[in-house]
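Participant: Contents are mmCIF, N, CA and C atoms and all ligand atoms; file name query_23.cif:
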```cif
data_query
#
loop_
_atom_site.label_atom_id
_atom_site.label_comp_id
_atom_site.auth_asym_id
_atom_site.auth_seq_id
_atom_site.Cartn_x
_atom_site.Cartn_y
_atom_site.Cartn_z
N MET A 129 0.83 -1.20 0.00
CA MET A 129 0.00 0.00 0.00
C MET A 129 0.87 1.25 0.00
N ARG A 130 0.36 2.26 -0.69
CA ARG A 130 1.04 3.56 -0.68
C ARG A 130 0.62 4.36 0.56
N ILE A 131 1.39 5.40 0.86
CA ILE A 131 1.19 6.16 2.10
C ILE A 131 -0.22 6.77 2.18
N GLY A 132 -0.75 7.24 1.03
CA GLY A 132 -2.08 7.84 1.02
C GLY A 132 -3.18 6.85 1.40
N GLU A 133 -3.06 5.64 0.87
CA GLU A 133 -4.05 4.59 1.18
C GLU A 133 -3.98 4.21 2.66
N VAL A 134 -2.75 4.07 3.16
CA VAL A 134 -2.55 3.69 4.56
C VAL A 134 -3.13 4.77 5.48
N ALA A 135 -2.85 6.03 5.14
CA ALA A 135 -3.34 7.14 5.96
C ALA A 135 -4.87 7.12 6.01
N GLU A 136 -5.50 6.90 4.86
CA GLU A 136 -6.95 6.86 4.80
C GLU A 136 -7.50 5.67 5.61
N HIS A 137 -6.84 4.53 5.43
CA HIS A 137 -7.25 3.31 6.14
C HIS A 137 -7.20 3.50 7.65
N LEU A 138 -6.17 4.18 8.14
CA LEU A 138 -5.98 4.35 9.58
C LEU A 138 -6.67 5.59 10.13
N GLY A 139 -7.08 6.48 9.22
CA GLY A 139 -7.71 7.72 9.68
C GLY A 139 -6.72 8.72 10.25
N VAL A 140 -5.50 8.72 9.72
CA VAL A 140 -4.49 9.72 10.14
C VAL A 140 -3.99 10.45 8.89
N GLU A 141 -3.33 11.59 9.10
CA GLU A 141 -2.77 12.36 7.98
C GLU A 141 -1.46 11.72 7.53
N THR A 142 -1.11 11.91 6.26
CA THR A 142 0.15 11.33 5.75
C THR A 142 1.37 11.92 6.47
N HIS A 143 1.29 13.21 6.85
CA HIS A 143 2.46 13.80 7.54
C HIS A 143 2.70 13.13 8.89
N VAL A 144 1.63 12.60 9.48
CA VAL A 144 1.76 11.88 10.76
C VAL A 144 2.57 10.60 10.54
N LEU A 145 2.25 9.89 9.45
CA LEU A 145 2.99 8.65 9.13
C LEU A 145 4.46 8.96 8.85
N ARG A 146 4.73 10.07 8.17
CA ARG A 146 6.13 10.44 7.89
C ARG A 146 6.85 10.81 9.18
N HIS A 147 6.12 11.46 10.10
CA HIS A 147 6.72 11.83 11.38
C HIS A 147 7.07 10.58 12.19
N TRP A 148 6.17 9.61 12.20
CA TRP A 148 6.43 8.37 12.93
C TRP A 148 7.67 7.68 12.36
N GLU A 149 7.85 7.81 11.07
CA GLU A 149 9.05 7.26 10.42
C GLU A 149 10.30 8.04 10.86
N ASP A 150 10.19 9.37 10.89
CA ASP A 150 11.32 10.22 11.28
C ASP A 150 11.82 9.90 12.69
N VAL A 151 10.88 9.59 13.60
CA VAL A 151 11.29 9.34 14.98
C VAL A 151 11.57 7.85 15.25
N GLY A 152 11.53 7.03 14.18
CA GLY A 152 11.97 5.64 14.31
C GLY A 152 10.93 4.65 14.81
N VAL A 153 9.65 5.05 14.79
CA VAL A 153 8.60 4.14 15.23
C VAL A 153 8.33 3.07 14.17
N ILE A 154 8.36 3.47 12.90
CA ILE A 154 8.13 2.53 11.80
C ILE A 154 9.10 2.84 10.66
N GLN A 155 9.46 1.82 9.90
CA GLN A 155 10.33 2.02 8.73
C GLN A 155 9.79 1.24 7.54
N PRO A 156 8.89 1.86 6.76
CA PRO A 156 8.35 1.16 5.60
C PRO A 156 9.42 0.93 4.52
N GLU A 157 9.21 -0.13 3.73
CA GLU A 157 10.09 -0.38 2.59
C GLU A 157 9.91 0.72 1.55
N ARG A 158 10.88 0.80 0.64
CA ARG A 158 10.74 1.74 -0.48
C ARG A 158 10.68 0.95 -1.78
N THR A 159 9.88 1.43 -2.72
CA THR A 159 9.88 0.82 -4.05
C THR A 159 11.13 1.26 -4.79
N ALA A 160 11.39 0.63 -5.96
CA ALA A 160 12.56 1.00 -6.75
C ALA A 160 12.53 2.49 -7.11
N ALA A 161 11.31 3.01 -7.27
CA ALA A 161 11.17 4.42 -7.61
C ALA A 161 11.25 5.34 -6.38
N GLY A 162 11.40 4.72 -5.19
CA GLY A 162 11.56 5.52 -3.98
C GLY A 162 10.29 5.81 -3.21
N TYR A 163 9.17 5.25 -3.65
CA TYR A 163 7.91 5.46 -2.91
C TYR A 163 7.85 4.53 -1.71
N ARG A 164 7.23 5.04 -0.64
CA ARG A 164 7.03 4.18 0.53
C ARG A 164 6.04 3.08 0.17
N ASN A 165 6.34 1.86 0.59
CA ASN A 165 5.46 0.72 0.33
C ASN A 165 5.19 0.00 1.65
N TYR A 166 3.93 0.06 2.09
CA TYR A 166 3.54 -0.54 3.36
C TYR A 166 2.96 -1.93 3.14
N ASP A 167 3.61 -2.96 3.67
CA ASP A 167 3.06 -4.32 3.55
C ASP A 167 2.13 -4.60 4.73
N ASN A 168 1.56 -5.82 4.75
CA ASN A 168 0.58 -6.17 5.79
C ASN A 168 1.17 -6.10 7.19
N GLU A 169 2.43 -6.52 7.33
CA GLU A 169 3.10 -6.47 8.63
C GLU A 169 3.21 -5.02 9.11
N MET A 170 3.56 -4.14 8.18
CA MET A 170 3.70 -2.72 8.52
C MET A 170 2.34 -2.12 8.89
N LEU A 171 1.31 -2.54 8.17
CA LEU A 171 -0.04 -2.06 8.46
C LEU A 171 -0.49 -2.51 9.85
N ALA A 172 -0.20 -3.77 10.17
CA ALA A 172 -0.55 -4.31 11.49
C ALA A 172 0.18 -3.53 12.58
N ARG A 173 1.45 -3.20 12.30
CA ARG A 173 2.24 -2.44 13.26
C ARG A 173 1.66 -1.04 13.47
N LEU A 174 1.24 -0.45 12.36
CA LEU A 174 0.67 0.90 12.44
C LEU A 174 -0.64 0.91 13.21
N GLN A 175 -1.42 -0.16 13.08
CA GLN A 175 -2.67 -0.23 13.85
C GLN A 175 -2.37 -0.29 15.35
N ILE A 176 -1.28 -0.97 15.70
CA ILE A 176 -0.86 -1.01 17.10
C ILE A 176 -0.40 0.37 17.56
N VAL A 177 0.31 1.08 16.69
CA VAL A 177 0.76 2.44 17.02
C VAL A 177 -0.46 3.32 17.31
N VAL A 178 -1.47 3.25 16.43
CA VAL A 178 -2.68 4.06 16.61
C VAL A 178 -3.37 3.70 17.93
N ALA A 179 -3.46 2.39 18.21
CA ALA A 179 -4.10 1.94 19.46
C ALA A 179 -3.32 2.44 20.68
N CYS A 180 -1.98 2.36 20.60
CA CYS A 180 -1.14 2.82 21.72
C CYS A 180 -1.24 4.33 21.92
N LYS A 181 -1.34 5.09 20.81
CA LYS A 181 -1.54 6.53 20.91
C LYS A 181 -2.85 6.80 21.65
N GLY A 182 -3.89 6.04 21.26
CA GLY A 182 -5.19 6.18 21.91
C GLY A 182 -5.14 5.85 23.39
N ALA A 183 -4.20 4.96 23.75
CA ALA A 183 -4.04 4.56 25.15
C ALA A 183 -3.14 5.54 25.91
N GLY A 184 -2.68 6.59 25.22
CA GLY A 184 -1.93 7.64 25.89
C GLY A 184 -0.42 7.45 25.91
N LEU A 185 0.09 6.46 25.19
CA LEU A 185 1.55 6.27 25.16
C LEU A 185 2.21 7.30 24.25
N SER A 186 3.40 7.74 24.63
CA SER A 186 4.17 8.67 23.80
C SER A 186 4.81 7.87 22.65
N LEU A 187 5.26 8.58 21.62
CA LEU A 187 5.91 7.91 20.50
C LEU A 187 7.15 7.15 20.94
N GLU A 188 7.90 7.74 21.88
CA GLU A 188 9.10 7.06 22.39
C GLU A 188 8.72 5.77 23.11
N GLU A 189 7.64 5.83 23.89
CA GLU A 189 7.17 4.63 24.59
C GLU A 189 6.70 3.58 23.58
N ILE A 190 5.99 4.03 22.55
CA ILE A 190 5.50 3.11 21.53
C ILE A 190 6.67 2.46 20.80
N ARG A 191 7.68 3.26 20.50
CA ARG A 191 8.87 2.74 19.79
C ARG A 191 9.50 1.58 20.58
N VAL A 192 9.64 1.75 21.88
CA VAL A 192 10.26 0.68 22.67
C VAL A 192 9.31 -0.49 22.90
N VAL A 193 8.00 -0.20 22.92
CA VAL A 193 7.03 -1.29 23.08
C VAL A 193 7.03 -2.20 21.86
N LEU A 194 7.16 -1.60 20.68
CA LEU A 194 7.09 -2.37 19.43
C LEU A 194 8.26 -3.32 19.23
N HIS A 195 9.41 -2.95 19.77
CA HIS A 195 10.60 -3.76 19.55
C HIS A 195 11.06 -4.39 20.86
N SER A 196 10.91 -5.70 20.97
CA SER A 196 11.17 -6.37 22.24
C SER A 196 12.63 -6.30 22.67
N ARG A 197 13.54 -6.00 21.75
CA ARG A 197 14.95 -5.94 22.13
C ARG A 197 15.43 -4.54 22.52
N GLU A 198 14.49 -3.57 22.53
CA GLU A 198 14.86 -2.21 22.90
C GLU A 198 15.34 -2.16 24.35
N ALA A 199 16.43 -1.43 24.57
CA ALA A 199 16.92 -1.24 25.93
C ALA A 199 15.89 -0.40 26.70
N GLY A 200 15.68 -0.77 27.95
CA GLY A 200 14.77 0.01 28.80
C GLY A 200 13.30 -0.22 28.51
N ARG A 201 13.00 -1.26 27.73
CA ARG A 201 11.61 -1.51 27.35
C ARG A 201 10.74 -1.80 28.58
N ARG A 202 11.21 -2.73 29.41
CA ARG A 202 10.42 -3.10 30.59
C ARG A 202 10.21 -1.90 31.52
N ALA A 203 11.26 -1.12 31.68
CA ALA A 203 11.17 0.04 32.56
C ALA A 203 10.15 1.04 32.02
N ALA A 204 10.18 1.26 30.70
CA ALA A 204 9.24 2.21 30.09
C ALA A 204 7.80 1.72 30.24
N ILE A 205 7.59 0.42 30.04
CA ILE A 205 6.24 -0.13 30.17
C ILE A 205 5.78 -0.06 31.62
N ARG A 206 6.69 -0.37 32.54
CA ARG A 206 6.32 -0.31 33.97
C ARG A 206 5.95 1.11 34.37
N ARG A 207 6.71 2.11 33.87
CA ARG A 207 6.40 3.52 34.18
C ARG A 207 5.00 3.87 33.69
N ARG A 208 4.72 3.47 32.45
CA ARG A 208 3.41 3.79 31.87
C ARG A 208 2.29 3.09 32.65
N ARG A 209 2.58 1.85 33.09
CA ARG A 209 1.60 1.07 33.85
C ARG A 209 1.27 1.76 35.18
N GLN A 210 2.30 2.32 35.82
CA GLN A 210 2.08 3.03 37.09
C GLN A 210 1.17 4.22 36.88
N ILE A 211 1.38 4.94 35.77
CA ILE A 211 0.55 6.10 35.46
C ILE A 211 -0.89 5.66 35.21
N VAL A 212 -1.06 4.55 34.49
CA VAL A 212 -2.41 4.02 34.23
C VAL A 212 -3.08 3.65 35.55
N ASP A 213 -2.35 2.97 36.45
CA ASP A 213 -2.91 2.61 37.75
C ASP A 213 -3.35 3.85 38.52
N SER A 214 -2.50 4.89 38.46
CA SER A 214 -2.81 6.13 39.15
C SER A 214 -4.05 6.81 38.53
N ASP A 215 -4.13 6.78 37.19
CA ASP A 215 -5.30 7.36 36.50
C ASP A 215 -6.57 6.60 36.85
N ILE A 216 -6.46 5.26 36.94
CA ILE A 216 -7.64 4.45 37.30
C ILE A 216 -8.13 4.85 38.69
N LYS A 217 -7.16 5.02 39.62
CA LYS A 217 -7.52 5.40 40.99
C LYS A 217 -8.22 6.76 40.99
N LYS A 218 -7.68 7.71 40.23
CA LYS A 218 -8.29 9.04 40.17
C LYS A 218 -9.70 8.97 39.58
N LEU A 219 -9.85 8.19 38.51
CA LEU A 219 -11.16 8.07 37.86
C LEU A 219 -12.17 7.39 38.78
N ARG A 220 -11.71 6.38 39.53
CA ARG A 220 -12.63 5.71 40.48
C ARG A 220 -13.11 6.70 41.53
N ASN A 221 -12.16 7.52 42.05
CA ASN A 221 -12.53 8.51 43.05
C ASN A 221 -13.48 9.56 42.46
N THR A 222 -13.22 9.92 41.22
CA THR A 222 -14.08 10.91 40.56
C THR A 222 -15.50 10.35 40.40
N ARG A 223 -15.59 9.09 40.00
CA ARG A 223 -16.91 8.48 39.83
C ARG A 223 -17.63 8.38 41.17
N ARG A 224 -16.89 7.99 42.22
CA ARG A 224 -17.50 7.92 43.56
C ARG A 224 -18.03 9.29 43.98
N PHE A 225 -17.22 10.32 43.69
CA PHE A 225 -17.63 11.69 44.02
C PHE A 225 -18.90 12.06 43.26
N LEU A 226 -18.93 11.80 41.96
CA LEU A 226 -20.10 12.14 41.14
C LEU A 226 -21.33 11.38 41.60
N ASP A 227 -21.15 10.09 41.92
CA ASP A 227 -22.27 9.30 42.44
C ASP A 227 -22.82 9.93 43.72
N HIS A 228 -21.88 10.41 44.55
CA HIS A 228 -22.29 11.04 45.80
C HIS A 228 -23.05 12.34 45.53
N VAL A 229 -22.52 13.17 44.63
CA VAL A 229 -23.12 14.50 44.39
C VAL A 229 -24.57 14.38 43.90
N ILE A 230 -24.85 13.33 43.12
CA ILE A 230 -26.23 13.11 42.65
C ILE A 230 -27.20 13.10 43.83
N ASP A 231 -26.77 12.46 44.92
CA ASP A 231 -27.67 12.30 46.07
C ASP A 231 -27.28 13.16 47.27
N CYS A 232 -26.30 14.03 47.10
CA CYS A 232 -25.82 14.84 48.23
C CYS A 232 -26.97 15.70 48.75
N ARG A 233 -27.22 15.63 50.07
CA ARG A 233 -28.37 16.35 50.64
C ARG A 233 -28.00 17.69 51.26
N HIS A 234 -26.74 18.04 51.21
CA HIS A 234 -26.35 19.36 51.75
C HIS A 234 -26.83 20.45 50.80
N SER A 235 -27.28 21.58 51.38
CA SER A 235 -27.81 22.67 50.54
C SER A 235 -26.69 23.26 49.68
N LEU A 236 -25.48 23.28 50.23
CA LEU A 236 -24.31 23.75 49.48
C LEU A 236 -23.23 22.68 49.56
N VAL A 237 -22.56 22.41 48.44
CA VAL A 237 -21.52 21.38 48.47
C VAL A 237 -20.39 21.74 49.43
N THR A 238 -20.18 23.06 49.67
CA THR A 238 -19.12 23.47 50.60
C THR A 238 -19.44 23.05 52.03
N ARG A 239 -20.70 22.77 52.33
CA ARG A 239 -21.08 22.34 53.68
C ARG A 239 -21.01 20.82 53.83
N CYS A 240 -20.69 20.14 52.75
CA CYS A 240 -20.62 18.68 52.79
C CYS A 240 -19.17 18.26 52.98
N PRO A 241 -18.88 17.52 54.09
CA PRO A 241 -17.49 17.09 54.31
C PRO A 241 -16.94 16.22 53.18
N ALA A 242 -17.79 15.39 52.59
CA ALA A 242 -17.33 14.51 51.52
C ALA A 242 -16.96 15.31 50.28
N CYS A 243 -17.82 16.24 49.90
CA CYS A 243 -17.53 17.08 48.73
C CYS A 243 -16.28 17.92 48.98
N SER A 244 -16.16 18.42 50.21
CA SER A 244 -15.00 19.26 50.54
C SER A 244 -13.71 18.46 50.48
N GLU A 245 -13.78 17.22 50.95
CA GLU A 245 -12.58 16.38 50.91
C GLU A 245 -12.12 16.18 49.47
N PHE A 246 -13.05 15.92 48.59
CA PHE A 246 -12.71 15.71 47.19
C PHE A 246 -12.07 16.98 46.61
N ALA A 247 -12.67 18.12 46.92
CA ALA A 247 -12.14 19.39 46.42
C ALA A 247 -10.74 19.67 46.93
N GLU A 248 -10.53 19.40 48.25
CA GLU A 248 -9.22 19.69 48.85
C GLU A 248 -8.12 18.79 48.32
N THR A 249 -8.45 17.57 47.99
CA THR A 249 -7.41 16.63 47.54
C THR A 249 -7.20 16.68 46.03
N SER A 250 -8.12 17.29 45.29
CA SER A 250 -8.03 17.30 43.83
C SER A 250 -6.84 18.08 43.31
N HIS A 251 -6.47 19.16 44.00
CA HIS A 251 -5.40 20.01 43.46
C HIS A 251 -4.03 19.65 44.00
N ARG A 252 -3.94 18.58 44.79
CA ARG A 252 -2.62 18.14 45.27
C ARG A 252 -1.94 17.35 44.18
N ASN A 253 -0.64 17.53 44.09
CA ASN A 253 0.12 16.84 43.05
C ASN A 253 0.21 15.34 43.30
N SER A 254 0.35 14.99 44.58
CA SER A 254 0.54 13.56 44.87
C SER A 254 -0.80 12.89 45.17
N GLY A 255 -1.03 11.79 44.50
CA GLY A 255 -2.19 10.97 44.83
C GLY A 255 -3.46 11.32 44.10
N GLY A 256 -3.69 12.59 43.81
CA GLY A 256 -4.90 12.96 43.10
C GLY A 256 -6.09 13.04 44.03
N PRO A 257 -7.28 13.21 43.44
CA PRO A 257 -8.47 13.37 44.25
C PRO A 257 -8.78 12.14 45.09
N SER A 258 -9.17 12.38 46.33
CA SER A 258 -9.51 11.29 47.22
C SER A 258 -10.97 11.44 47.62
N PHE A 259 -11.64 10.31 47.70
CA PHE A 259 -13.04 10.35 48.12
C PHE A 259 -13.31 9.11 48.96
N SER A 260 -13.58 9.34 50.25
CA SER A 260 -13.71 8.21 51.18
C SER A 260 -15.10 7.59 51.11
N VAL A 261 -15.11 6.27 51.10
CA VAL A 261 -16.39 5.56 51.06
C VAL A 261 -17.22 5.90 52.30
N GLY A 262 -16.54 6.14 53.42
CA GLY A 262 -17.23 6.43 54.68
C GLY A 262 -18.16 7.62 54.62
N HIS A 263 -17.92 8.53 53.69
CA HIS A 263 -18.76 9.73 53.59
C HIS A 263 -20.04 9.50 52.82
N LEU A 264 -20.17 8.34 52.23
CA LEU A 264 -21.32 8.11 51.34
C LEU A 264 -22.66 8.16 52.06
N ALA A 265 -22.63 7.99 53.41
CA ALA A 265 -23.89 7.99 54.15
C ALA A 265 -24.47 9.39 54.33
N HIS A 266 -23.78 10.42 53.86
CA HIS A 266 -24.19 11.84 54.02
C HIS A 266 -24.09 12.27 55.46
ZN ZN A 301 -21.74 16.04 49.30
#
```
Do you think you could lay out the structure here as structure tokens?

Facilitator:
Amino acid sequence: MRIGEVAEHLGVETHVLRHWEDVGVIQPERTAAGYRNYDNEMLARLQIVVACKGAGLSLEEIRVVLHSREAGRRAAIRRRRQIVDSDIKKLRNTRRFLDHVIDCRHSLVTRCPACSEFAETSHRNSGGPSFSVGHLAH
């Protein structure tokens, strides 16, 4: 496949594919005339790149994920995994908070200890928003 077909197939711009090549994420073959030629293996790889981008990985992280012999691969994946775990924790707390607010009986959220706890912990750099299950009883 030519670059234009691949770009359309994946729903990305051609300059994005060239950029991924520039930073070493993918290296398509060239035809005798010098055109990029993407085979099925390359297409499969690009679909993984798109999926990893959607999962929030950086191009450098994707580059090391794609090649099992890359130095520091495990460390990069573990770092990303820690961030995902932390994001899951934040999202769980956010959902707990939203579930609470639906039924919060305080006239003002500032008068609710549970809502206040969420607000106070949201802007801290470490740990992210916290929402205690114990407050759910109002
Ligand atoms: Zn509340």

Participant: Set the distance at 6.5 Å and use only N, CA and C atoms: which residues neighbour stretch 165-168 of chain A once local chain neighbours fewer than 2 positions away are removed? I'd like the list as a ChimeraX atom specification.

Facilitator: /A:129-131,156-159,163,170-173

Participant: I'd like a table as CSV: residues in chain A with an atom no more than 6.5 Å from ligand ZN 301 (chain A), each row giving the shortest atom pair and its distance in Å to one decimal, only N, CA and C atoms and all ligand atoms counted, sorted by chain and rising residue number.

Facilitator:
```
residue,atom,partner,partner_atom,distance
A:His228,C,A:ZN301,ZN,5.4
A:Val229,CA,A:ZN301,ZN,5.3
A:Cys232,CA,A:ZN301,ZN,4.4
A:Arg233,N,A:ZN301,ZN,5.5
A:His234,N,A:ZN301,ZN,5.7
A:Val237,CA,A:ZN301,ZN,5.4
A:Cys240,CA,A:ZN301,ZN,4.5
A:Pro241,N,A:ZN301,ZN,5.8
A:Ala242,C,A:ZN301,ZN,4.9
A:Cys243,N,A:ZN301,ZN,4.0
A:Ser244,N,A:ZN301,ZN,6.1
```

Participant: Could you give me, as a list in words, each residue of stretch 157-205 of chain A that DSSP assigns to strand (DSSP E or B) when run on this structure's backbone?

Facilitator: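 Matching residues for strand (DSSP E or B) in stretch 157-205 of chain A are Glu157, Arg158, Arg164 and Asn165 of chain A.
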
Participant: Record the distance separating atom C of A:Gly152 and atom N of A:Val193, expressed in Å with one decimal.

Facilitator: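 Computing the Euclidean distance for atom C of A:Gly152 and atom N of A:Val193 yields 9.9 Å.
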
Participant: I'd like the neighbourhood of A:Glu248 as a list in words, where a residue qualifies if any of its atoms comes within 12 Å (using only C-alpha atoms), though same-chain residues fewer than 5 positions away should be ignored.

Facilitator: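 Selected residues are Thr238, Pro241, Ala242, Cys243, Asn253, Gly255, Gly256, Pro257, Ser258 and Phe259 of chain A.
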
Participant: Would you compute the distance between atom CA of A:Gly184 and atom CA of A:Glu141? Give it in Å to one decimal.

Facilitator: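 Result for atom CA of A:Gly184 versus atom CA of A:Glu141: 18.5 Å, one decimal.
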
Participant: Please return, as a VMD selection string, all residues of chain A that DSSP assigns to alpha helix (DSSP H) on the basis of the backbone.

Facilitator: chain A and resid 131 to 138 142 to 150 168 to 182 187 to 194 201 to 231 241 to 250

Participant: Looking at only N, CA and C atoms, which of A:Ser186, A:Thr142, A:Asn221, A:Ser214 is the one that sits closest to A:Ser260?

Facilitator: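 For A:Ser260, the nearest of the candidates is A:Asn221.
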